[in-house]
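Here is input-v8.csv, consisting of CSV, C-alpha atoms:
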chain,number,residue,atom,x,y,z
A,1,LEU,CA,-51.6,23.4,-57.4
A,2,VAL,CA,-51.7,19.6,-57.6
A,3,SER,CA,-55.0,17.7,-58.0
A,4,PHE,CA,-55.3,14.1,-57.1
A,5,GLN,CA,-58.4,12.5,-58.7
A,6,HIS,CA,-60.0,9.6,-60.4
A,7,GLU,CA,-60.4,9.7,-64.2
A,8,ASN,CA,-64.1,10.5,-63.9
A,9,PRO,CA,-64.5,11.7,-60.3
A,10,THR,CA,-68.0,13.2,-60.8
A,11,GLU,CA,-69.3,9.9,-62.2
A,12,SER,CA,-67.5,7.6,-59.7
A,13,GLY,CA,-68.0,9.7,-56.6
A,14,ASP,CA,-64.3,9.5,-55.7
A,15,MET,CA,-62.7,12.3,-53.7
A,16,VAL,CA,-60.6,14.9,-55.3
A,17,LEU,CA,-57.7,16.4,-53.3
A,18,ASN,CA,-56.4,19.9,-54.2
A,19,TRP,CA,-53.0,20.5,-52.8
A,20,ASN,CA,-51.1,23.8,-53.0
A,21,ILE,CA,-47.4,22.9,-53.3
A,22,GLY,CA,-46.4,26.6,-53.4
A,23,ALA,CA,-44.4,26.8,-56.7
A,24,ASP,CA,-44.1,25.3,-60.1
A,25,PRO,CA,-41.5,22.6,-59.6
A,26,GLN,CA,-38.3,23.0,-61.7
A,27,THR,CA,-38.4,19.3,-62.4
A,28,ILE,CA,-40.3,16.2,-61.3
A,29,ASP,CA,-37.6,13.9,-62.6
A,30,PRO,CA,-36.5,11.9,-59.5
A,31,THR,CA,-32.9,11.9,-60.5
A,32,LEU,CA,-32.7,15.6,-61.3
A,33,ASN,CA,-34.9,17.0,-58.6
A,34,GLY,CA,-33.3,18.9,-55.7
A,35,ALA,CA,-36.3,20.8,-54.2
A,36,SER,CA,-39.1,20.0,-51.8
A,37,ASP,CA,-41.9,21.0,-54.2
A,38,GLY,CA,-40.7,18.6,-56.9
A,39,GLY,CA,-40.1,16.0,-54.2
A,40,ASP,CA,-43.6,16.2,-53.0
A,41,VAL,CA,-44.9,15.3,-56.5
A,42,ILE,CA,-42.3,12.7,-57.1
A,43,ASN,CA,-43.2,10.9,-53.9
A,44,GLN,CA,-46.7,10.4,-55.3
A,45,THR,CA,-45.7,9.3,-58.8
A,46,PHE,CA,-42.6,7.1,-58.1
A,47,GLU,CA,-41.7,4.5,-55.6
A,48,GLY,CA,-38.2,3.3,-54.5
A,49,LEU,CA,-37.0,0.0,-53.1
A,50,VAL,CA,-38.4,0.9,-49.7
A,51,ARG,CA,-40.9,3.4,-48.2
A,52,GLU,CA,-40.4,5.4,-45.0
A,53,VAL,CA,-43.6,6.3,-43.0
A,54,ASN,CA,-43.2,8.2,-39.8
A,55,GLY,CA,-39.6,6.9,-39.5
A,56,ILE,CA,-40.5,3.3,-40.1
A,57,ILE,CA,-39.1,1.5,-43.1
A,58,TYR,CA,-41.5,-0.7,-45.1
A,59,PRO,CA,-40.9,-2.8,-48.3
A,60,GLY,CA,-41.6,-0.9,-51.5
A,61,ILE,CA,-40.5,-2.3,-54.9
A,62,ALA,CA,-38.2,-4.5,-52.8
A,63,SER,CA,-40.3,-7.1,-51.0
A,64,SER,CA,-37.3,-8.0,-48.8
A,65,TRP,CA,-33.5,-7.5,-48.5
A,66,ASP,CA,-30.5,-9.2,-46.9
A,67,THR,CA,-27.2,-7.8,-45.7
A,68,SER,CA,-24.1,-10.0,-45.6
A,69,GLU,CA,-22.4,-10.8,-42.3
A,70,ASP,CA,-19.6,-8.4,-43.0
A,71,GLY,CA,-22.1,-5.6,-43.9
A,72,LEU,CA,-20.5,-5.1,-47.3
A,73,THR,CA,-23.2,-6.6,-49.6
A,74,VAL,CA,-26.9,-5.7,-49.6
A,75,THR,CA,-29.2,-7.8,-51.7
A,76,PHE,CA,-32.7,-6.5,-52.6
A,77,HIS,CA,-35.3,-9.0,-53.7
A,78,LEU,CA,-37.8,-7.1,-56.0
A,79,ARG,CA,-41.4,-8.0,-56.3
A,80,GLU,CA,-43.0,-8.3,-59.7
A,81,SER,CA,-44.3,-4.8,-60.6
A,82,ASN,CA,-45.0,-2.8,-63.7
A,83,TRP,CA,-44.4,0.7,-64.9
A,84,SER,CA,-47.5,2.9,-65.6
A,85,ASP,CA,-47.3,1.9,-69.2
A,86,GLY,CA,-47.7,-1.8,-68.2
A,87,SER,CA,-44.2,-2.9,-68.9
A,88,PRO,CA,-42.2,-4.9,-66.3
A,89,LEU,CA,-40.0,-3.0,-63.8
A,90,THR,CA,-36.8,-4.9,-63.2
A,91,ALA,CA,-33.6,-4.6,-61.2
A,92,ASN,CA,-31.9,-3.3,-64.3
A,93,ASP,CA,-34.1,-0.2,-64.1
A,94,PHE,CA,-32.5,0.6,-60.7
A,95,VAL,CA,-29.0,0.0,-62.1
A,96,TYR,CA,-29.6,2.4,-65.0
A,97,SER,CA,-31.2,5.0,-62.7
A,98,TRP,CA,-28.5,5.0,-60.1
A,99,LYS,CA,-25.7,5.2,-62.6
A,100,ARG,CA,-27.5,8.1,-64.3
A,101,GLY,CA,-27.6,9.9,-60.9
A,102,MET,CA,-23.9,9.4,-60.5
A,103,ASP,CA,-23.0,10.4,-64.1
A,104,PRO,CA,-21.5,14.0,-64.1
A,105,ALA,CA,-23.2,14.4,-67.5
A,106,THR,CA,-26.6,14.2,-65.9
A,107,ALA,CA,-25.8,17.1,-63.6
A,108,SER,CA,-28.0,15.9,-60.8
A,109,GLU,CA,-28.3,18.4,-57.9
A,110,TYR,CA,-28.2,15.4,-55.5
A,111,SER,CA,-25.2,13.6,-57.0
A,112,TRP,CA,-23.3,14.4,-53.8
A,113,ILE,CA,-25.6,12.1,-51.8
A,114,TRP,CA,-23.7,9.1,-53.1
A,115,GLU,CA,-21.0,10.2,-50.6
A,116,TYR,CA,-23.2,8.8,-47.9
A,117,THR,CA,-24.1,5.5,-49.6
A,118,ASN,CA,-20.6,4.0,-49.5
A,119,VAL,CA,-21.4,2.2,-52.8
A,120,VAL,CA,-18.2,0.9,-54.4
A,121,GLY,CA,-17.0,3.2,-57.2
A,122,SER,CA,-19.7,5.8,-56.7
A,123,LEU,CA,-17.4,8.6,-55.4
A,124,GLU,CA,-15.0,7.9,-58.2
A,125,ALA,CA,-17.8,8.1,-60.8
A,126,VAL,CA,-19.2,11.4,-59.3
A,127,TYR,CA,-16.0,13.3,-58.6
A,128,GLU,CA,-13.1,11.7,-60.4
A,129,GLY,CA,-14.3,10.7,-63.8
A,130,GLY,CA,-14.3,7.0,-62.7
A,131,SER,CA,-16.1,4.5,-64.9
A,132,LEU,CA,-19.7,3.7,-64.2
A,133,ASP,CA,-18.8,0.1,-65.1
A,134,ASP,CA,-16.9,-0.1,-61.9
A,135,VAL,CA,-19.8,1.0,-59.7
A,136,GLY,CA,-20.8,-1.7,-57.2
A,137,VAL,CA,-24.4,-2.3,-58.2
A,138,GLU,CA,-25.6,-5.1,-60.4
A,139,ALA,CA,-28.8,-6.9,-61.4
A,140,THR,CA,-28.1,-10.6,-61.1
A,141,ASP,CA,-31.5,-11.4,-62.5
A,142,ASP,CA,-34.6,-9.4,-63.3
A,143,TYR,CA,-35.7,-9.3,-59.6
A,144,THR,CA,-32.4,-9.3,-57.7
A,145,LEU,CA,-30.4,-6.1,-57.1
A,146,VAL,CA,-27.0,-6.5,-55.4
A,147,VAL,CA,-25.2,-3.6,-54.0
A,148,HIS,CA,-21.5,-3.7,-52.9
A,149,LEU,CA,-20.3,-1.2,-50.2
A,150,VAL,CA,-16.8,-0.1,-49.2
A,151,ASN,CA,-17.9,0.1,-45.5
A,152,PRO,CA,-20.8,-1.3,-43.5
A,153,THR,CA,-23.6,1.3,-43.7
A,154,PRO,CA,-26.4,0.5,-41.3
A,155,TYR,CA,-28.6,3.3,-42.7
A,156,PHE,CA,-28.2,2.3,-46.3
A,157,VAL,CA,-31.6,0.6,-46.7
A,158,SER,CA,-33.5,3.5,-45.1
A,159,LEU,CA,-31.7,6.0,-47.4
A,160,MET,CA,-33.2,4.1,-50.4
A,161,ALA,CA,-36.6,5.7,-49.6
A,162,PHE,CA,-35.3,9.1,-50.8
A,163,TYR,CA,-36.5,10.2,-54.2
A,164,HIS,CA,-33.0,10.4,-55.8
A,165,PHE,CA,-32.8,6.6,-55.6
A,166,MET,CA,-36.2,5.9,-57.2
A,167,PRO,CA,-36.2,4.2,-60.6
A,168,VAL,CA,-36.8,5.9,-63.9
A,169,LYS,CA,-37.4,4.2,-67.2
A,170,GLN,CA,-34.6,4.7,-69.7
A,171,SER,CA,-36.9,4.8,-72.8
A,172,ALA,CA,-39.0,7.6,-71.2
A,173,VAL,CA,-35.9,9.6,-70.1
A,174,GLU,CA,-34.4,9.3,-73.6
A,175,ALA,CA,-37.6,10.0,-75.5
A,176,GLU,CA,-37.6,12.7,-78.1
A,177,GLY,CA,-38.6,16.0,-76.5
A,178,GLY,CA,-37.9,14.7,-73.0
A,179,ALA,CA,-34.4,16.0,-72.5
A,180,ASP,CA,-33.4,17.7,-69.3
A,181,GLY,CA,-36.2,16.0,-67.3
A,182,LEU,CA,-39.0,17.4,-69.5
A,183,TRP,CA,-40.2,13.8,-70.0
A,184,ALA,CA,-41.5,13.8,-66.5
A,185,LYS,CA,-43.7,16.9,-67.0
A,186,ASP,CA,-45.2,15.7,-70.3
A,187,PRO,CA,-48.2,13.4,-69.9
A,188,GLU,CA,-47.5,12.0,-73.4
A,189,LEU,CA,-44.0,10.9,-72.3
A,190,VAL,CA,-44.0,10.3,-68.6
A,191,VAL,CA,-43.7,6.7,-67.3
A,192,CYS,CA,-43.7,6.2,-63.6
A,193,ASN,CA,-44.2,3.4,-61.0
A,194,GLY,CA,-45.9,5.1,-58.0
A,195,PRO,CA,-49.6,5.2,-56.9
A,196,PHE,CA,-50.4,8.2,-59.1
A,197,VAL,CA,-49.6,9.1,-62.7
A,198,LEU,CA,-49.5,12.6,-64.3
A,199,THR,CA,-52.3,13.3,-66.8
A,200,GLU,CA,-52.1,17.1,-67.1
A,201,TYR,CA,-49.4,19.7,-66.5
A,202,THR,CA,-49.8,23.5,-67.1
A,203,ASP,CA,-46.7,25.6,-66.4
A,204,ASN,CA,-47.0,28.0,-63.5
A,205,SER,CA,-50.6,26.8,-63.0
A,206,GLY,CA,-51.0,23.3,-61.8
A,207,LEU,CA,-51.0,19.6,-62.6
A,208,VAL,CA,-53.3,16.6,-62.3
A,209,LEU,CA,-52.5,13.2,-60.9
A,210,VAL,CA,-54.8,10.2,-61.2
A,211,LYS,CA,-54.7,6.7,-59.8
A,212,ASN,CA,-52.1,4.5,-61.5
A,213,GLU,CA,-54.0,1.4,-62.4
A,214,ASN,CA,-50.7,-0.5,-62.9
A,215,TYR,CA,-49.3,0.3,-59.4
A,216,TRP,CA,-48.5,-2.9,-57.6
A,217,ASP,CA,-50.3,-1.8,-54.5
A,218,ALA,CA,-53.2,-0.1,-56.3
A,219,ASP,CA,-55.7,-1.1,-53.6
A,220,ASN,CA,-53.4,0.2,-50.8
A,221,VAL,CA,-53.6,-3.1,-48.9
A,222,TYR,CA,-50.0,-3.3,-48.0
A,223,ILE,CA,-49.9,-0.6,-45.4
Could you write out this structure as structure tokens?
Amino acid sequence: LVSFQHENPTESGDMVLNWNIGADPQTIDPTLNGASDGGDVINQTFEGLVREVNGIIYPGIASSWDTSEDGLTVTFHLRESNWSDGSPLTANDFVYSWKRGMDPATASEYSWIWEYTNVVGSLEAVYEGGSLDDVGVEATDDYTLVVHLVNPTPYFVSLMAFYHFMPVKQSAVEAEGGADGLWAKDPELVVCNGPFVLTEYTDNSGLVLVKNENYWDADNVYI
């Protein structure tokens, strides 16, 4: 059971939504998750470069993007936004997160999805022990993410709405006690960038999400 609520709902009068997701998610780490129950929670607590709503692609953390004439380079222009702990979210967070997803040591259930991205060096990294340094994704500055593709991929931008491509903060992932995705279930360790943030988690019982006051679109004015 997931509850979405304000910090003090009885005092504020805000609505509380109780949502039965059917099972205790194995993980709510975007990179590690491979199930719909975990994905349902992740889509409330994290946000990727773009959003998909009823088949329509909207800007997310990327306010805009450009594709080169040959279709081999996609450049995302990130808006200024913060993690739930108030620290800046930058293009380097996406570089870290994506390479973590490709790294065989991470053992992500969705590492195979990189087959469909056509990102330079991604297949070699996932399947052949290729160096992550050779992967075609780079942060040219804090708010510019450049992706190099081996073939034009018209659906690439829309694919970025999927939770596997959402950013995670390295310091949270690597925090003591947070190994194997446990950081994402621990209210003391979790750092996210979506509209809600985790404040309670009880195994096999439920969790509570409250409004993320550091979310860039906290007033839901964008869509």
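Between Asp66 of chain A and the candidates A:Arg100, A:Leu209, A:Pro154, A:Trp112, the tightest atom-to-atom separation, counting all atoms listed in the file, involves A:Pro154.
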| Leaving out segment 91-96 of chain A and any residue of its chain fewer than 5 positions from it, which residues lie within 7 Å of it when counting all atoms listed in the file, given as a PyMOL selection string? | chain A and resi 137-139+142-145+167-169
| Point-to-point distance in Å for atom CA of Asp24 of chain A and atom CA of Asn204 of chain A |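 Going from atom CA of Asn204 of chain A over to atom CA of Asp24 of chain A covers 5.2 Å.
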| said: What does the structure give for the distance between atom CA of Gly48 of chain A and atom CA of Ser84 of chain A, in Å to one decimal? | reply: 14.5 Å
| said: So that I can check the surroundings of Pro195 of chain A, please list as a list in words every protein, DNA and RNA residue that reaches within 7 Å of it, counting all atoms listed in the file and ignoring chain neighbours fewer than 5 positions away. | reply: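 The contact residues come out as Gln44, Thr45, Lys211, Asn212, Tyr215 and Ala218 of chain A.
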Find the axis-aligned box for segment 99-110 of chain A, covering all its listed atoms and adding 8 Å on each side, and write its centre and edge lengths in Å to one decimal as AutoDock Vina command-line options.
--center_x -24.9 --center_y 11.8 --center_z -61.5 --size_x 22.8 --size_y 29.2 --size_z 28.0
| Pick the closest to Ile56 of chain A from A:Asp133, A:Ser36, A:Glu128, A:Leu159: which is it, counting only C-alpha atoms? |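 Among A:Asp133, A:Ser36, A:Glu128, A:Leu159, it is A:Leu159 that comes nearest to Ile56 of chain A.
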| Nearest to Phe165 of chain A among A:Ser97, A:Gln26, A:Thr140, A:Thr90, with distances taken over all atoms listed in the file: which residue is it? | A:Ser97
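What separates atom CA of Gln170 of chain A from atom CA of Leu89 of chain A is a distance of 11.1 Å.
Shortest separation to His77 of chain A among A:Glu124, A:Asp141, A:Glu109, A:Glu52 occurs at residue A:Asp141, atoms counted being only C-alpha atoms.
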| Neighbours of point (-40.0, 9.7, -40.1) within 12 Å, using all atoms listed in the file, written as a ChimeraX atom specification | /A:51-58,158-159,161-162
| message | So that I can see what lies close to Thr67 of chain A, please list as number ranges by chain the residues with an atom at most 12 Å from it, counting all atoms listed in the file and leaving out residues fewer than 6 positions away in the same chain. | response | A: 73-77, 145-149, 152-157
| field | Neighbour list for Asn214 of chain A as a ChimeraX atom specification, cut-off 12 Å, only C-alpha atoms, skip fewer than 6 positions in-chain | value | /A:45,80-89,191-197
Go through segment 120-215 of chain A residue by residue and, counting only C-alpha atoms, keep those with an atom at most 9 Å from segment 101-108 of chain A; for each kept residue give the shortest atom pair and its distance in Å to one decimal, ordered by chain and increasing number, as a tab-separated table.
residue	atom	partner	partner_atom	distance
A:Ser122	CA	A:Met102	CA	6.7
A:Leu123	CA	A:Met102	CA	8.3
A:Ala125	CA	A:Met102	CA	6.2
A:Val126	CA	A:Met102	CA	5.2
A:Tyr127	CA	A:Pro104	CA	7.8
A:Gly129	CA	A:Pro104	CA	7.9
A:Leu132	CA	A:Asp103	CA	7.5
A:His164	CA	A:Gly101	CA	7.4
A:Phe165	CA	A:Gly101	CA	8.1
A:Asp180	CA	A:Thr106	CA	8.4
| request: Check the smallest atom-to-atom distance from each of A:Ser171, A:Asn18, A:Ser64, A:Ser131 to Val190 of chain A using all atoms listed in the file, then report the winner. | output: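 Between A:Ser171, A:Asn18, A:Ser64, A:Ser131, the residue approaching Val190 of chain A most closely is A:Ser171.
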